[in-house]
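Student: Just start_21.txt, nothing more (compact mmCIF, C-alpha atoms):
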# COMPACT_ATOMS: atom_id res chain seq x y z
CA MET S 1 9.63 -12.75 21.28
CA SER S 2 10.41 -9.65 23.18
CA ASP S 3 6.74 -8.79 23.68
CA THR S 4 4.76 -10.98 26.04
CA ASN S 5 1.28 -12.09 25.03
CA ASP S 6 -0.48 -9.84 27.53
CA SER S 7 1.45 -6.73 26.45
CA TYR S 8 1.81 -7.39 22.73
CA ILE S 9 0.87 -4.47 20.49
CA VAL S 10 0.69 -4.80 16.73
CA SER S 11 3.33 -2.78 14.87
CA ALA S 12 0.76 -0.58 13.14
CA LEU S 13 -0.25 0.75 16.57
CA LYS S 14 3.08 0.52 18.39
CA TYR S 15 4.90 2.47 15.67
CA ARG S 16 2.05 4.78 14.73
CA PRO S 17 3.52 8.25 14.11
CA GLN S 18 2.99 10.79 16.87
CA GLU S 19 4.51 13.72 15.00
CA PHE S 20 4.31 14.89 11.41
CA SER S 21 8.04 14.21 11.07
CA ASP S 22 7.38 10.52 11.79
CA VAL S 23 4.88 10.11 8.94
CA VAL S 24 6.38 8.13 6.06
CA GLY S 25 5.99 9.10 2.41
CA GLN S 26 3.66 12.12 2.77
CA GLU S 27 6.19 14.92 3.24
CA ALA S 28 4.42 17.42 0.98
CA ILE S 29 1.17 17.10 2.95
CA THR S 30 2.69 17.11 6.44
CA LEU S 31 4.84 20.15 5.65
CA THR S 32 1.82 22.04 4.32
CA LEU S 33 -0.24 21.18 7.40
CA GLU S 34 2.56 22.25 9.77
CA LYS S 35 2.88 25.60 8.00
CA SER S 36 -0.88 26.10 8.01
CA ILE S 37 -0.96 25.60 11.79
CA ALA S 38 2.07 27.83 12.39
CA GLN S 39 0.60 30.64 10.26
CA ASN S 40 -2.92 30.15 11.63
CA LYS S 41 -4.25 29.59 8.12
CA LEU S 42 -5.87 26.21 8.61
CA ALA S 43 -9.19 25.68 6.85
CA GLN S 44 -12.17 24.63 8.97
CA ALA S 45 -12.97 21.69 6.70
CA LEU S 46 -10.25 19.42 5.36
CA LEU S 47 -10.65 16.32 3.21
CA PHE S 48 -7.94 13.64 3.32
CA CYS S 49 -8.19 11.33 0.29
CA GLY S 50 -6.15 8.33 -0.75
CA PRO S 51 -5.75 4.55 -0.58
CA ARG S 52 -6.18 2.68 2.68
CA GLY S 53 -3.26 2.40 5.05
CA VAL S 54 -1.28 5.42 3.85
CA GLY S 55 -1.67 7.67 6.90
CA LYS S 56 -4.89 9.65 6.45
CA THR S 57 -6.34 9.00 9.91
CA THR S 58 -2.89 9.17 11.50
CA CYS S 59 -2.29 12.64 10.04
CA ALA S 60 -5.79 13.69 11.11
CA ARG S 61 -5.06 12.69 14.72
CA ILE S 62 -1.66 14.42 14.73
CA LEU S 63 -3.21 17.56 13.26
CA ALA S 64 -6.03 17.51 15.79
CA LYS S 65 -3.58 17.27 18.69
CA LYS S 66 -1.32 19.99 17.27
CA ILE S 67 -4.23 22.42 17.11
CA ASN S 68 -4.93 22.19 20.85
CA GLU S 69 -1.39 21.42 21.99
CA GLY S 70 -0.67 22.87 25.41
CA ASN S 71 -4.26 22.59 26.61
CA GLN S 72 -4.27 18.88 27.32
CA ALA S 73 -4.34 17.24 30.73
CA ASN S 74 -3.04 13.89 29.52
CA VAL S 75 -1.30 13.46 26.16
CA ASN S 76 -2.89 10.03 25.75
CA ASP S 77 -6.48 11.20 26.20
CA ASP S 78 -8.19 12.25 22.99
CA PHE S 79 -10.95 14.00 24.93
CA ALA S 80 -8.34 16.31 26.45
CA PHE S 81 -7.52 17.46 22.92
CA ASN S 82 -11.22 17.81 22.07
CA ILE S 83 -10.89 15.10 19.41
CA PHE S 84 -14.06 13.31 18.38
CA GLU S 85 -13.88 10.45 15.89
CA LEU S 86 -16.88 9.26 13.91
CA ASP S 87 -17.03 6.27 11.58
CA ALA S 88 -19.35 7.21 8.73
CA ALA S 89 -19.69 3.56 7.73
CA SER S 90 -21.80 2.89 10.84
CA ASN S 91 -23.09 6.43 11.49
CA ASN S 92 -24.38 7.38 8.08
CA THR S 93 -28.03 8.31 8.62
CA VAL S 94 -29.69 11.73 8.76
CA GLU S 95 -30.31 11.24 12.50
CA ASP S 96 -26.60 10.61 13.11
CA ILE S 97 -25.62 13.80 11.29
CA ARG S 98 -28.30 15.86 13.00
CA SER S 99 -26.93 14.66 16.34
CA LEU S 100 -23.45 15.69 15.18
CA ASN S 101 -24.74 19.11 14.10
CA ASP S 102 -26.17 19.64 17.59
CA GLN S 103 -22.89 18.63 19.25
CA VAL S 104 -20.67 20.96 17.20
CA ARG S 105 -22.56 24.02 18.41
CA ILE S 106 -21.34 23.47 21.98
CA PRO S 107 -18.00 25.30 22.52
CA PRO S 108 -15.02 23.38 23.97
CA GLN S 109 -14.53 23.60 27.74
CA VAL S 110 -10.74 23.51 27.32
CA GLY S 111 -8.65 24.67 24.39
CA SER S 112 -9.55 26.62 21.30
CA TYR S 113 -11.09 24.01 19.00
CA LYS S 114 -13.23 20.92 18.85
CA VAL S 115 -11.91 18.63 16.12
CA TYR S 116 -14.21 16.12 14.43
CA ILE S 117 -12.55 13.34 12.42
CA ILE S 118 -15.09 11.64 10.16
CA ASP S 119 -13.63 8.48 8.65
CA GLU S 120 -14.95 6.82 5.47
CA VAL S 121 -17.06 9.93 4.86
CA HIS S 122 -18.10 8.66 1.41
CA MET S 123 -20.36 6.15 3.23
CA LEU S 124 -22.79 8.90 4.26
CA SER S 125 -26.16 8.68 2.56
CA LEU S 126 -27.22 11.48 0.21
CA ALA S 127 -29.71 12.71 2.80
CA ALA S 128 -26.97 12.69 5.47
CA PHE S 129 -24.65 14.65 3.16
CA ASN S 130 -27.34 17.25 2.65
CA ALA S 131 -27.99 17.46 6.41
CA PHE S 132 -24.26 18.00 6.95
CA LEU S 133 -23.94 20.60 4.21
CA LYS S 134 -25.23 23.61 6.16
CA THR S 135 -22.90 22.98 9.11
CA LEU S 136 -19.96 22.48 6.76
CA GLU S 137 -20.82 25.66 4.89
CA GLU S 138 -20.98 27.81 8.02
CA PRO S 139 -19.18 25.93 10.82
CA PRO S 140 -18.89 27.49 14.28
CA ALA S 141 -15.56 29.25 14.78
CA HIS S 142 -14.48 26.67 17.39
CA VAL S 143 -14.92 23.62 15.11
CA ILE S 144 -12.61 21.98 12.59
CA PHE S 145 -13.74 19.03 10.47
CA ILE S 146 -11.27 16.50 9.10
CA LEU S 147 -12.95 14.15 6.64
CA ALA S 148 -11.16 11.03 5.41
CA THR S 149 -12.06 8.83 2.46
CA THR S 150 -10.68 6.19 0.12
CA GLU S 151 -13.25 7.07 -2.56
CA LYS S 152 -13.34 10.80 -3.24
CA HIS S 153 -15.48 10.32 -6.35
CA LYS S 154 -18.41 9.21 -4.17
CA ILE S 155 -18.55 12.53 -2.30
CA ILE S 156 -21.03 15.03 -3.68
CA PRO S 157 -19.53 18.15 -5.34
CA THR S 158 -21.16 20.55 -2.88
CA ILE S 159 -19.20 18.90 -0.05
CA LEU S 160 -15.94 18.81 -2.04
CA SER S 161 -16.19 22.52 -2.86
CA ARG S 162 -16.30 23.39 0.84
CA CYS S 163 -13.20 21.42 1.80
CA GLN S 164 -9.47 21.94 1.49
CA ILE S 165 -8.45 18.71 -0.24
CA TYR S 166 -5.27 16.74 0.44
CA ASP S 167 -4.48 13.75 -1.79
CA PHE S 168 -2.38 11.11 -0.05
CA LYS S 169 -0.22 8.91 -2.25
CA ARG S 170 0.67 5.23 -2.03
CA MET S 171 3.87 4.35 -0.25
CA THR S 172 6.84 3.68 -2.51
CA ILE S 173 8.57 0.33 -2.18
CA GLU S 174 11.72 2.09 -0.96
CA ASP S 175 9.88 4.06 1.75
CA THR S 176 8.15 0.90 2.95
CA LYS S 177 11.39 -1.07 3.04
CA LYS S 178 13.20 1.64 5.02
CA HIS S 179 10.40 1.86 7.56
CA LEU S 180 10.21 -1.91 8.02
CA ALA S 181 14.00 -2.12 8.31
CA ALA S 182 13.95 0.49 11.09
CA ILE S 183 11.25 -1.43 12.96
CA ALA S 184 13.15 -4.70 12.54
CA LYS S 185 16.27 -3.04 13.98
CA ASP S 186 14.24 -1.73 16.92
CA LYS S 187 12.88 -5.21 17.58
CA GLY S 188 16.30 -6.82 17.19
CA ILE S 189 15.22 -9.01 14.29
CA LYS S 190 17.39 -9.87 11.30
CA VAL S 191 15.55 -9.42 8.00
CA GLU S 192 16.84 -10.15 4.50
CA GLU S 193 16.54 -7.23 2.09
CA GLU S 194 14.69 -9.43 -0.42
CA ALA S 195 12.17 -10.30 2.33
CA LEU S 196 11.46 -6.59 2.81
CA GLN S 197 11.14 -6.22 -0.96
CA LEU S 198 8.49 -8.97 -1.14
CA ILE S 199 6.49 -7.53 1.78
CA ALA S 200 6.63 -4.03 0.27
CA GLN S 201 5.46 -5.29 -3.11
CA LYS S 202 2.67 -7.38 -1.61
CA SER S 203 1.37 -4.45 0.47
CA ASP S 204 0.81 -2.46 -2.74
CA GLY S 205 1.61 0.94 -1.26
CA ALA S 206 -0.32 0.53 2.01
CA MET S 207 1.97 0.89 5.02
CA ARG S 208 -0.61 -0.57 7.41
CA ASP S 209 -0.82 -3.70 5.27
CA ALA S 210 2.98 -3.93 5.15
CA LEU S 211 3.17 -3.74 8.95
CA SER S 212 0.47 -6.38 9.30
CA LEU S 213 2.34 -8.73 6.93
CA PHE S 214 5.58 -8.01 8.78
CA ASP S 215 3.93 -8.97 12.09
CA ARG S 216 2.82 -12.28 10.55
CA MET S 217 6.39 -13.09 9.58
CA ILE S 218 7.71 -12.18 13.04
CA ALA S 219 5.04 -14.36 14.66
CA TYR S 220 6.47 -17.33 12.78
CA SER S 221 10.14 -16.51 13.25
CA ASP S 222 11.09 -13.94 15.86
CA THR S 223 14.84 -14.06 15.14
CA GLU S 224 15.24 -13.91 11.36
CA VAL S 225 12.89 -13.21 8.47
CA THR S 226 14.10 -14.63 5.15
CA ALA S 227 12.83 -14.12 1.62
CA LYS S 228 11.97 -17.83 1.46
CA LEU S 229 9.84 -17.54 4.61
CA VAL S 230 7.98 -14.50 3.26
CA ALA S 231 7.39 -16.11 -0.13
CA THR S 232 6.03 -19.28 1.48
CA HIS S 233 3.72 -17.58 3.98
CA LEU S 234 2.41 -14.93 1.59
CA ASN S 235 1.91 -17.53 -1.14
CA ILE S 236 4.26 -15.68 -3.48
CA VAL S 237 6.57 -17.41 -5.95
CA ASP S 238 10.01 -16.28 -4.80
CA THR S 239 12.32 -14.24 -7.02
CA GLU S 240 14.85 -17.05 -7.24
CA THR S 241 12.28 -19.28 -8.96
CA TYR S 242 11.55 -16.62 -11.57
CA PHE S 243 15.26 -16.22 -12.30
CA GLU S 244 15.48 -19.99 -12.83
CA LEU S 245 12.40 -20.02 -15.06
CA VAL S 246 13.70 -17.20 -17.26
CA ASP S 247 17.07 -18.93 -17.60
CA LEU S 248 15.25 -22.06 -18.80
CA ILE S 249 13.14 -19.98 -21.23
CA ILE S 250 16.29 -18.38 -22.66
CA LYS S 251 17.94 -21.80 -23.04
CA GLN S 252 14.70 -23.27 -24.49
CA GLN S 253 14.79 -26.15 -22.00
CA ILE S 254 11.11 -27.02 -22.18
CA PRO S 255 11.19 -30.29 -20.16
CA LEU S 256 12.87 -28.56 -17.20
CA LEU S 257 10.45 -25.65 -17.56
CA LEU S 258 7.50 -27.99 -17.13
CA VAL S 259 9.12 -29.70 -14.15
CA THR S 260 9.76 -26.33 -12.47
CA LEU S 261 6.18 -25.23 -13.15
CA ASP S 262 4.95 -28.48 -11.59
CA GLN S 263 6.98 -27.69 -8.44
CA VAL S 264 5.40 -24.23 -8.30
CA LEU S 265 1.85 -25.53 -8.67
CA SER S 266 2.48 -28.43 -6.26
CA SER S 267 3.49 -25.87 -3.62
CA GLY S 268 -0.04 -24.43 -3.82
CA TYR S 269 0.75 -21.21 -5.65
CA ASP S 270 -2.04 -19.59 -7.65
CA GLY S 271 -1.55 -19.76 -11.42
CA GLY S 272 -2.93 -16.28 -12.01
CA GLN S 273 -0.54 -14.74 -9.50
CA PHE S 274 2.28 -16.80 -11.01
CA LEU S 275 1.65 -15.17 -14.40
CA GLU S 276 1.52 -11.71 -12.78
CA GLY S 277 4.85 -12.37 -11.08
CA LEU S 278 6.41 -13.65 -14.31
CA ALA S 279 5.23 -10.53 -16.16
CA ALA S 280 6.64 -8.34 -13.38
CA HIS S 281 10.00 -10.15 -13.70
CA PHE S 282 10.16 -9.54 -17.46
CA ARG S 283 9.15 -5.92 -16.87
CA GLU S 284 12.22 -5.55 -14.64
CA LEU S 285 14.35 -7.09 -17.40
CA LEU S 286 12.89 -4.62 -19.89
CA VAL S 287 13.73 -1.51 -17.85
CA CYS S 288 17.30 -2.81 -17.55
CA LYS S 289 17.73 -2.49 -21.31
CA ASP S 290 18.22 1.29 -21.28
CA GLU S 291 20.18 3.59 -18.99
CA GLN S 292 17.26 6.05 -18.92
CA THR S 293 14.81 3.46 -17.58
CA LEU S 294 17.24 1.72 -15.24
CA ALA S 295 16.06 3.96 -12.40
CA LEU S 296 12.60 2.37 -12.74
CA LEU S 297 13.97 -1.01 -11.64
CA SER S 298 12.14 -1.84 -8.39
CA ALA S 299 14.25 -4.86 -7.40
CA SER S 300 16.21 -5.11 -4.17
CA GLU S 301 19.86 -4.03 -4.22
CA THR S 302 20.96 -7.67 -3.99
CA ASN S 303 19.08 -8.58 -7.17
CA LYS S 304 19.67 -5.50 -9.36
CA GLU S 305 22.94 -6.89 -10.75
CA ARG S 306 21.27 -10.24 -11.48
CA PHE S 307 18.47 -8.54 -13.41
CA GLN S 308 20.98 -6.58 -15.46
CA LYS S 309 23.01 -9.70 -16.23
CA GLN S 310 19.94 -11.70 -17.26
CA SER S 311 18.61 -8.77 -19.27
CA SER S 312 21.81 -8.66 -21.32
CA GLN S 313 20.87 -12.06 -22.80
CA LEU S 314 17.59 -10.74 -24.24
CA GLU S 315 16.61 -8.35 -27.01
CA VAL S 316 13.92 -5.70 -26.47
CA PRO S 317 11.57 -7.00 -29.21
CA TYR S 318 11.73 -10.47 -27.70
CA VAL S 319 10.94 -9.19 -24.19
CA LEU S 320 8.00 -7.20 -25.57
CA LEU S 321 6.77 -10.32 -27.38
CA ILE S 322 7.00 -12.32 -24.16
CA LEU S 323 5.18 -9.68 -22.12
CA ASP S 324 2.42 -9.58 -24.71
CA ARG S 325 1.99 -13.36 -24.55
CA ILE S 326 1.98 -13.44 -20.73
CA GLN S 327 -0.63 -10.68 -20.60
CA GLU S 328 -2.76 -12.60 -23.10
CA ALA S 329 -2.44 -15.79 -21.03
CA ALA S 330 -3.26 -13.92 -17.81
CA SER S 331 -6.38 -12.30 -19.29
CA THR S 332 -7.83 -15.68 -20.34
CA TYR S 333 -6.59 -17.70 -17.37
CA LYS S 334 -9.77 -17.47 -15.28
CA ASN S 335 -11.99 -18.73 -18.08
CA VAL S 336 -10.03 -21.79 -19.17
CA ARG S 337 -10.94 -25.21 -17.81
CA ASN S 338 -7.52 -26.85 -17.88
CA LYS S 339 -5.47 -24.23 -16.09
CA ARG S 340 -2.32 -26.35 -15.82
CA LEU S 341 -2.25 -26.95 -19.57
CA HIS S 342 -2.87 -23.24 -20.15
CA LEU S 343 0.23 -22.37 -18.10
CA GLU S 344 2.31 -25.12 -19.71
CA LEU S 345 1.41 -23.94 -23.21
CA CYS S 346 2.30 -20.37 -22.27
CA LEU S 347 5.77 -21.35 -21.02
CA MET S 348 6.41 -23.63 -24.02
CA GLN S 349 5.50 -20.82 -26.39
CA LEU S 350 7.79 -18.42 -24.55
CA ALA S 351 10.68 -20.86 -24.83
CA SER S 352 9.92 -21.64 -28.48
CA ALA S 353 9.71 -18.00 -29.56
CA ARG S 354 13.36 -17.95 -30.61
CA ALA S 355 13.57 -21.46 -32.01
CA GLY S 356 16.38 -21.68 -34.51
CA GLY S 357 17.83 -18.43 -33.15
CA GLU S 358 15.08 -16.34 -34.73
CA LYS S 359 12.27 -14.46 -33.06
CA LYS S 360 8.92 -15.80 -34.19
CA LYS S 361 5.37 -14.79 -33.62
CA PHE S 362 3.36 -17.04 -31.34
CA ALA S 363 0.88 -19.31 -33.04
The structure in this file should be written as structure tokens.

Tutor:
Amino acid sequence: MSDTNDSYIVSALKYRPQEFSDVVGQEAITLTLEKSIAQNKLAQALLFCGPRGVGKTTCARILAKKINEGNQANVNDDFAFNIFELDAASNNTVEDIRSLNDQVRIPPQVGSYKVYIIDEVHMLSLAAFNAFLKTLEEPPAHVIFILATTEKHKIIPTILSRCQIYDFKRMTIEDTKKHLAAIAKDKGIKVEEEALQLIAQKSDGAMRDALSLFDRMIAYSDTEVTAKLVATHLNIVDTETYFELVDLIIKQQIPLLLVTLDQVLSSGYDGGQFLEGLAAHFRELLVCKDEQTLALLSASETNKERFQKQSSQLEVPYVLLILDRIQEAASTYKNVRNKRLHLELCLMQLASARAGGEKKKFA
């Protein structure tokens, strides 16, 4: 690898955005924050909400540095920007907040503002929230609070009403893929598009998770990352297998279906996740059935044509019937004793649904 062990930095840190323009997938928020700073209309208490790994703390740090830009001695020193970070998960008592209240009253020695970033703010106790309320209601002119949380509903209304709220959204698969592709290019690593697709789907909208998964793949192969490698290491049934399974279902080849399922289970894949993946595959086939929903297809460019071709062999009522059966099987999967038989019966019923060329209800 290009990075030696003693200088290796994980991608989430190495490629952490330093400017608002570098932040992926949160353009509406970053643009609003930039304008607020430029027009000197920034609120003294901001609340950043959203799923983990989507850029809340990153945006808080960029914002904090922008506020005091020009006053720093060293761009890498947070103290030079008067940035103070507090983790509410481990500093959630009344005493911790009282100590914070005492600190905020002291004006900054350099710059215009002291910026307090309080992460996981929903972890504060009710008593701590109440102790913080007075300071948040009437903060000193030199203080700006940036609160971050993954669970806005746990924050008491009196706190919410005193904050300017920004809701961060999950990363789209396309945004995640583009960002990972850019990093791969920077590192000089060849990555298959389908590999990026699998990582983006597995990360479920969290860029930090996607970068962590990407690092795992690079650690195994620092020259090329293939879809097969990603599927194996993330314990995901690869897309190729689902295409094969659906072809066998369409052709009603039950013996080969059972053999293919055995190969999947023998590889150590989880049956519940297998059903989720199969449902997701049929969902892609369903959105291919209409020009209006085609844009909802989340497959990689290399597989979009394959989905459309396979979809042309199926009727919408049949796909809906299959999705209903898979969902039913998935909902009862955890409670059945013989999980292999449960999966086998599901696949046999899917293949038998059009026996004799007619669509039938499952027994």

Student: Find the residue from S:Val143, S:Ala219, S:Ile117, S:Leu133 that sits nearest to Arg105 in chain S; use all atoms listed in the file when measuring.

Tutor: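 Smallest distance to Arg105 in chain S is found for S:Val143.
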
Student: Set the distance at 10 Å and use all atoms listed in the file: which residues neighbour range 31-41 of chain S once local chain neighbours fewer than 6 positions away are removed? I'd like the list as a list of chain:residue names.

Tutor: S:Phe20, S:Ser21, S:Cys59, S:Leu63, S:Lys66, S:Ile67, S:Tyr166

Student: Can you spit out the residues from that selection as an mmCIF file, in the coordinates of the input, using C-alpha atoms?

Tutor:
data_model
loop_
_atom_site.group_PDB
_atom_site.id
_atom_site.type_symbol
_atom_site.label_atom_id
_atom_site.label_comp_id
_atom_site.auth_asym_id
_atom_site.auth_seq_id
_atom_site.Cartn_x
_atom_site.Cartn_y
_atom_site.Cartn_z
ATOM 1 C CA PHE S 20 4.310 14.890 11.410
ATOM 2 C CA SER S 21 8.040 14.210 11.070
ATOM 3 C CA CYS S 59 -2.290 12.640 10.040
ATOM 4 C CA LEU S 63 -3.210 17.560 13.260
ATOM 5 C CA LYS S 66 -1.320 19.990 17.270
ATOM 6 C CA ILE S 67 -4.230 22.420 17.110
ATOM 7 C CA TYR S 166 -5.270 16.740 0.440
#

Student: Any chance you could tabulate, as a Markdown table, the residues of range 251-342 of chain S at most 8 Å from range 178-200 of chain S with each one's nearest atom pair and distance in Å to one decimal, using all atoms listed in the file, in chain and rising number order?

Tutor:
| residue | atom | partner | partner_atom | distance |
| --- | --- | --- | --- | --- |
| S:Ala299 | CA | S:Gln197 | CA | 7.3 |
| S:Ser300 | CA | S:Glu194 | CA | 5.9 |
| S:Glu301 | CA | S:Glu193 | CA | 7.8 |
| S:Thr302 | CA | S:Glu194 | CA | 7.4 |

Student: Which value, in Å to one decimal, gives the distance between CA of Lys228 in chain S and CA of Ser267 in chain S?

Tutor: 12.7 Å

Student: Identify which of the residues S:Val23, S:Leu343, S:Ala88, S:Ala141 lies closest to Asp119 in chain S, counting only C-alpha atoms when measuring atom-to-atom distances.

Tutor: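 Ranked by minimum distance to Asp119 in chain S, first place goes to S:Ala88.
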
Student: Within 8 Å of (-22.5, 10.7, -3.4) (file coordinates; all atoms listed in the file), which protein or nucleic acid residues are there? I'd like them as a PyMOL selection string.

Tutor: chain S and resi 122+124-126+129+153-156

Student: I need the chosen residues saved as a CSV table (one decimal), keeping the file's coordinate frame, with C-alpha atoms.

Tutor:
chain,number,residue,atom,x,y,z
S,122,HIS,CA,-18.1,8.7,1.4
S,124,LEU,CA,-22.8,8.9,4.3
S,125,SER,CA,-26.2,8.7,2.6
S,126,LEU,CA,-27.2,11.5,0.2
S,129,PHE,CA,-24.6,14.6,3.2
S,153,HIS,CA,-15.5,10.3,-6.4
S,154,LYS,CA,-18.4,9.2,-4.2
S,155,ILE,CA,-18.6,12.5,-2.3
S,156,ILE,CA,-21.0,15.0,-3.7

Student: Report, in Å with one decimal, the straight-line distance from CA of Tyr242 in chain S to CA of Glu291 in chain S.

Tutor: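 Atom-to-atom, CA of Tyr242 in chain S and CA of Glu291 in chain S are spaced 23.2 Å apart.
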
Student: Excluding range 271-287 of chain S and residues on its chain fewer than 2 positions from it, collect all residues at most 10 Å away from it, counting all atoms listed in the file, and give them as an NGL selection string.

Tutor: :S and (235-239 or 241-243 or 245-246 or 261 or 264-265 or 268-269 or 289-299 or 304 or 306-320 or 322-327 or 329-334 or 339-340 or 342-343 or 346-347)

Student: Determine the nearest neighbour of Ile29 in chain S from the options S:Glu120, S:Glu138, S:Asp167, S:Asp96, counting all atoms listed in the file.

Tutor: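 Selected residue with least distance to Ile29 in chain S: S:Asp167.
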
Student: Near Ala12 in chain S, within 12 Å and counting all atoms listed in the file, which residues show up once chain neighbours fewer than 4 positions away are dropped, as a list in words?

Tutor: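 Returned residues: Tyr8, Arg16, Pro17, Gly53, Val54, Gly55, Thr58, His179, Leu180, Ile183, Ala206, Met207, Arg208, Asp209, Ala210, Leu211, Ser212, Leu213, Phe214 and Asp215 of chain S.
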
Student: Can you work out the spacing between CA of Met123 in chain S and CA of Gly25 in chain S in Å, to one decimal?

Tutor: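 If I compute the distance from CA of Met123 in chain S to CA of Gly25 in chain S, I get 26.5 Å.
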
Student: Can you list, as a list in words, every protein, DNA or RNA residue that comes within 7 Å of Cys163 in chain S when you count only C-alpha atoms, leaving out same-chain residues fewer than 3 positions away?

Tutor: Ala45, Leu46, Leu47, Ile159 and Leu160 of chain S

Student: Excluding Asp102 in chain S and residues on its chain fewer than 4 positions from it, collect all residues at most 12 Å away from it, counting all atoms listed in the file, and give them as a list of chain:residue names.

Tutor: S:Glu95, S:Asp96, S:Ile97, S:Arg98, S:Ile106, S:Pro107, S:Ala131, S:Phe132, S:Thr135, S:Pro139, S:Pro140
